[in-house]
Amino acid sequence: MLDVLGEEIAIALVGLVGGVLLGLAARLGRFCTMGAIEDLLYGGSDRRMRMWILAIGVAVLGGFGLSSVGLLQTESSYYLSIRWMPVASILGGLMFGYGMALAGNCGYGSIARLGGGDLRAFVIVVVMGVSAYIVLSGPLAGLRVTLFPQREVINDMPPGLAHLIGQWTGLSVNAVGIAIGGLITIGVLAKKEFLTDAKAVFWAVVVGIAITTGWAGSYWVATHGFEDIPVVSHSFSAPVGESLLYLMTASARVPSFAVGSVAGVALGAFVGSLFKGHFRWEACEDPRELRRQITGAALMGTGAVLALGCTVGQGLSAFSMLAFSAPVTFLAIFAGAAFGLRQLIEGFQPAE
């Protein structure tokens, strides 16, 4: 197949397939981090947060399941091949979460809304992608590298939680990962009301499968081709900037997993919005709202680069590899979003 398609087209198609699943989940299953946090804190519902946790459990099972049958080498994945920087995870997560609250959605959610015709989301996506590249390889790249230099994992240091537990106990890393994924999945399904919510369970599982297809497909292309293809799964911060660059310079660039992934989410969301009859063009009529969303998008792009991922990149893909950074970054994103929501909904005026 690689001889016919070429490695670049093949890896972009892998991203496209998983992205379509994620876009459908956002539109048809209402899978959304921002919505999950807001529902939990202010809506009295943990349904969407349980969906997110179930997706994590399925993705962990998928990732280490692939590894157990030789279809993935977890150590070759991006999140386990570099040393964890706790300060960057916390600072970047807080920035991303706060920016997400100001913007009203994360990068993944904004792409999904754009697929449904929301032009406010278009502004958020563009600003987030550009700000990510300003910090990644633009004017602020030098400062980022000075403050948070990326280094490879030291040989004698376990790259992730499953590897650490395996080292302590002598158990197989894959067995540890599968056990943790199973515990997460069983734990979140323990609530009867959620277990009987077939729609929520189905779309959460679809999201977990989408993350797994990213690992499986990128590893297969990387190990069967000759190009230096990174082993990755879905994320929507710097990949948005990469997709914007591709749109502007496609004649001189090759497509990538990121380009396929971003396009897939937009396509899946478009199809989902048509299916639900929800597609409509929307624009921002309040300049103050647009200013807040632009600020939030810039913070998301910056924070995601520092944390090496967003709600999907760290909250799902890195979590599926049980990287040390994943739970810390996700909790920081939650805290930043909670702070931002409180500012927007309640304000900070002292009670009289």
# chains A, B, ... in the order shown; residues from 1 in each chain; ligands from 1
>>> residues_around(residues="stretch 206-215 of chain A", least_positions_apart="2", cutoff="7 Å", atoms="only C-alpha atoms", output="list of chain:residue names")
A:Val14, A:Gly15, A:Gly18, A:Leu21, A:Leu22, A:Ala25, A:Ala55, A:Ile56, A:Val58, A:Ala59, A:Gly62, A:Gly63, A:Phe202, A:Trp203, A:Ala204, A:Gly217, A:Ser218, A:Tyr219, A:Val231, A:Val232, A:Ser233, A:His234, A:Ser317
>>> residues_around(residues="A:Ala263", least_positions_apart="2", cutoff="9 Å", atoms="only C-alpha atoms", output="PyMOL selection string")
chain A and resi 15-16+19-20+111+243+258-261+265-268
>>> atom_distance(atom1="atom CA of A:Ala198", atom2="atom CA of A:Gly97")
29.2 Å
>>> closest_atom_pairs(of="stretch 85-171 of chain A", to="stretch 276-295 of chain A", cutoff="8 Å", atoms="only C-alpha atoms", output="tab-separated table")
residue	atom	partner	partner_atom	distance
A:Gly99	CA	A:Thr295	CA	7.0
A:Leu102	CA	A:Gln293	CA	5.7
A:Ala103	CA	A:Gln293	CA	3.9
A:Gly104	CA	A:Gln293	CA	7.2
A:Gly116	CA	A:Phe279	CA	4.8
A:Gly117	CA	A:Trp281	CA	4.5
A:Asp118	CA	A:Glu282	CA	4.7
A:Leu119	CA	A:Ala283	CA	5.2
A:Arg120	CA	A:Ala283	CA	5.5
A:Val123	CA	A:Ile294	CA	7.2
A:Ile124	CA	A:Ile294	CA	6.1
A:Val127	CA	A:Ile294	CA	6.6
>>> select_by_dssp(residues="stretch 146-309 of chain A", states="alpha helix (DSSP H)", output="JSON, numbers by chain")
{"A": [146, 147, 161, 162, 163, 164, 165, 166, 167, 168, 169, 173, 174, 175, 176, 177, 178, 179, 180, 181, 182, 183, 184, 185, 186, 187, 188, 192, 193, 194, 195, 198, 199, 200, 201, 202, 203, 204, 205, 206, 207, 208, 209, 210, 211, 212, 213, 214, 215, 216, 217, 218, 219, 220, 221, 222, 223, 224, 238, 239, 240, 241, 242, 243, 244, 245, 246, 247, 248, 249, 257, 258, 259, 260, 261, 262, 263, 264, 265, 266, 267, 268, 269, 270, 271, 272, 273, 274, 275, 276, 287, 288, 289, 290, 291, 292, 293, 294, 295, 296, 297, 298, 299, 300, 301, 302, 303, 304, 305, 306, 307]}
>>> atom_distance(atom1="atom CA of A:Ala252", atom2="atom CA of A:Glu8")
13.2 Å
>>> closest_residue(among="A:Pro239, A:Gly65, A:Gly303, A:Gly160", to="A:Ile178", atoms="only C-alpha atoms")
A:Gly65
>>> residues_around(residues="A:Ala101", least_positions_apart="6", cutoff="8 Å", atoms="only C-alpha atoms", output="ChimeraX atom specification")
/A:34,296,336-338,340-341
>>> write_last_selection(atoms="N, CA and C atoms", output="CSV table (one decimal), in the first residue's frame")
chain,number,residue,atom,x,y,z
A,34,MET,N,-14.5,21.0,27.5
A,34,MET,CA,-15.0,22.2,28.1
A,34,MET,C,-16.4,22.0,28.6
A,296,GLY,N,-8.2,34.1,24.7
A,296,GLY,CA,-8.2,32.7,25.1
A,296,GLY,C,-7.5,31.8,24.1
A,336,GLY,N,-7.2,25.4,35.5
A,336,GLY,CA,-7.2,26.7,34.8
A,336,GLY,C,-8.6,27.0,34.2
A,337,ALA,N,-9.3,25.9,33.8
A,337,ALA,CA,-10.7,26.1,33.2
A,337,ALA,C,-11.6,26.5,34.3
A,338,ALA,N,-11.5,25.9,35.5
A,338,ALA,CA,-12.4,26.2,36.6
A,338,ALA,C,-12.2,27.6,37.1
A,340,GLY,N,-11.1,30.1,35.2
A,340,GLY,CA,-11.7,31.0,34.1
A,340,GLY,C,-13.2,31.0,34.1
A,341,LEU,N,-13.8,29.8,34.4
A,341,LEU,CA,-15.3,29.7,34.4
A,341,LEU,C,-15.8,30.5,35.6
>>> residues_around(residues="A:Leu195", least_positions_apart="5", cutoff="12 Å", atoms="only C-alpha atoms", output="list in words")
Arg47, Arg50, Met51, Leu54, Thr185, Ile186, Gly187, Val188, Leu189, Ala190, Ala200, Val201, Phe202 and Ala204 of chain A
>>> write_last_selection(atoms="N, CA, C and O atoms", output="PDB file, in the first residue's frame")
ATOM      1  N   ARG A  47     -21.894  13.244  33.468  1.00  0.00           N
ATOM      2  CA  ARG A  47     -22.018  12.368  32.298  1.00  0.00           C
ATOM      3  C   ARG A  47     -20.883  12.561  31.308  1.00  0.00           C
ATOM      4  O   ARG A  47     -20.213  11.601  30.905  1.00  0.00           O
ATOM      5  N   ARG A  50     -17.493  11.550  32.647  1.00  0.00           N
ATOM      6  CA  ARG A  50     -17.354  10.095  32.611  1.00  0.00           C
ATOM      7  C   ARG A  50     -17.070   9.612  31.186  1.00  0.00           C
ATOM      8  O   ARG A  50     -16.327   8.643  30.988  1.00  0.00           O
ATOM      9  N   MET A  51     -17.655  10.279  30.203  1.00  0.00           N
ATOM     10  CA  MET A  51     -17.341   9.939  28.820  1.00  0.00           C
ATOM     11  C   MET A  51     -15.851  10.127  28.550  1.00  0.00           C
ATOM     12  O   MET A  51     -15.203   9.293  27.920  1.00  0.00           O
ATOM     13  N   LEU A  54     -13.871   7.409  30.341  1.00  0.00           N
ATOM     14  CA  LEU A  54     -14.032   6.130  29.650  1.00  0.00           C
ATOM     15  C   LEU A  54     -13.186   6.100  28.384  1.00  0.00           C
ATOM     16  O   LEU A  54     -12.564   5.077  28.067  1.00  0.00           O
ATOM     17  N   THR A 185     -11.596   1.799  33.066  1.00  0.00           N
ATOM     18  CA  THR A 185     -12.837   1.506  32.338  1.00  0.00           C
ATOM     19  C   THR A 185     -13.913   0.955  33.266  1.00  0.00           C
ATOM     20  O   THR A 185     -15.066   1.413  33.249  1.00  0.00           O
ATOM     21  N   ILE A 186     -13.547  -0.019  34.095  1.00  0.00           N
ATOM     22  CA  ILE A 186     -14.511  -0.614  35.026  1.00  0.00           C
ATOM     23  C   ILE A 186     -14.991   0.415  36.035  1.00  0.00           C
ATOM     24  O   ILE A 186     -16.182   0.495  36.365  1.00  0.00           O
ATOM     25  N   GLY A 187     -14.048   1.238  36.518  1.00  0.00           N
ATOM     26  CA  GLY A 187     -14.400   2.247  37.522  1.00  0.00           C
ATOM     27  C   GLY A 187     -15.423   3.246  37.006  1.00  0.00           C
ATOM     28  O   GLY A 187     -16.379   3.587  37.705  1.00  0.00           O
ATOM     29  N   VAL A 188     -15.230   3.712  35.768  1.00  0.00           N
ATOM     30  CA  VAL A 188     -16.132   4.728  35.243  1.00  0.00           C
ATOM     31  C   VAL A 188     -17.492   4.137  34.860  1.00  0.00           C
ATOM     32  O   VAL A 188     -18.515   4.833  34.857  1.00  0.00           O
ATOM     33  N   LEU A 189     -17.513   2.827  34.552  1.00  0.00           N
ATOM     34  CA  LEU A 189     -18.781   2.175  34.205  1.00  0.00           C
ATOM     35  C   LEU A 189     -19.543   1.665  35.428  1.00  0.00           C
ATOM     36  O   LEU A 189     -20.626   1.096  35.286  1.00  0.00           O
ATOM     37  N   ALA A 190     -18.947   1.879  36.608  1.00  0.00           N
ATOM     38  CA  ALA A 190     -19.576   1.370  37.827  1.00  0.00           C
ATOM     39  C   ALA A 190     -20.892   2.090  38.145  1.00  0.00           C
ATOM     40  O   ALA A 190     -21.748   1.541  38.839  1.00  0.00           O
ATOM     41  N   ALA A 200     -23.816   7.694  25.270  1.00  0.00           N
ATOM     42  CA  ALA A 200     -22.607   8.239  25.895  1.00  0.00           C
ATOM     43  C   ALA A 200     -21.476   7.216  25.883  1.00  0.00           C
ATOM     44  O   ALA A 200     -20.330   7.538  25.545  1.00  0.00           O
ATOM     45  N   VAL A 201     -21.797   5.978  26.236  1.00  0.00           N
ATOM     46  CA  VAL A 201     -20.781   4.918  26.264  1.00  0.00           C
ATOM     47  C   VAL A 201     -20.238   4.677  24.855  1.00  0.00           C
ATOM     48  O   VAL A 201     -19.017   4.558  24.652  1.00  0.00           O
ATOM     49  N   PHE A 202     -21.125   4.630  23.871  1.00  0.00           N
ATOM     50  CA  PHE A 202     -20.704   4.350  22.500  1.00  0.00           C
ATOM     51  C   PHE A 202     -19.716   5.392  21.996  1.00  0.00           C
ATOM     52  O   PHE A 202     -18.647   5.047  21.474  1.00  0.00           O
ATOM     53  N   ALA A 204     -17.912   7.555  23.658  1.00  0.00           N
ATOM     54  CA  ALA A 204     -16.668   7.550  24.431  1.00  0.00           C
ATOM     55  C   ALA A 204     -15.738   6.454  23.931  1.00  0.00           C
ATOM     56  O   ALA A 204     -14.525   6.654  23.783  1.00  0.00           O
TER      57      ALA A 204
END
>>> closest_residue(among="A:Phe96, A:Leu72, A:Arg48, A:Glu227", to="A:Phe330", atoms="only C-alpha atoms")
A:Phe96
>>> closest_atom_pairs(of="stretch 202-262 of chain A", to="stretch 9-13 of chain A", cutoff="6 Å", atoms="only C-alpha atoms", output="tab-separated table")
residue	atom	partner	partner_atom	distance
A:Pro255	CA	A:Ala12	CA	6.0
A:Ser256	CA	A:Ala12	CA	4.8
A:Phe257	CA	A:Ala12	CA	4.3
A:Gly260	CA	A:Ala12	CA	4.4
>>> select_by_dssp(residues="stretch 75-251 of chain A", states="strand (DSSP E or B)", output="ChimeraX atom specification")
/A:77,82,118,152,160,231
>>> write_last_selection(atoms="N, CA, C and O atoms", output="tab-separated table (two decimals), in the first residue's frame")
chain	number	residue	atom	x	y	z
A	77	SER	N	6.70	6.17	21.08
A	77	SER	CA	5.69	7.23	20.98
A	77	SER	C	6.28	8.55	21.46
A	77	SER	O	7.16	8.59	22.31
A	82	ILE	N	10.58	11.71	25.28
A	82	ILE	CA	11.22	12.91	25.80
A	82	ILE	C	11.03	12.99	27.31
A	82	ILE	O	10.11	12.42	27.87
A	118	ASP	N	-19.57	27.53	12.47
A	118	ASP	CA	-19.35	28.61	13.44
A	118	ASP	C	-18.09	29.39	13.06
A	118	ASP	O	-16.97	28.90	13.24
A	152	GLU	N	15.88	14.10	25.53
A	152	GLU	CA	15.45	12.71	25.45
A	152	GLU	C	15.43	12.08	26.83
A	152	GLU	O	16.13	12.51	27.75
A	160	GLY	N	7.37	6.19	31.60
A	160	GLY	CA	5.97	6.39	31.93
A	160	GLY	C	5.55	5.61	33.16
A	160	GLY	O	6.34	4.85	33.74
A	231	VAL	N	5.95	8.48	15.50
A	231	VAL	CA	4.84	7.67	16.02
A	231	VAL	C	4.00	8.58	16.90
A	231	VAL	O	4.39	8.94	18.01
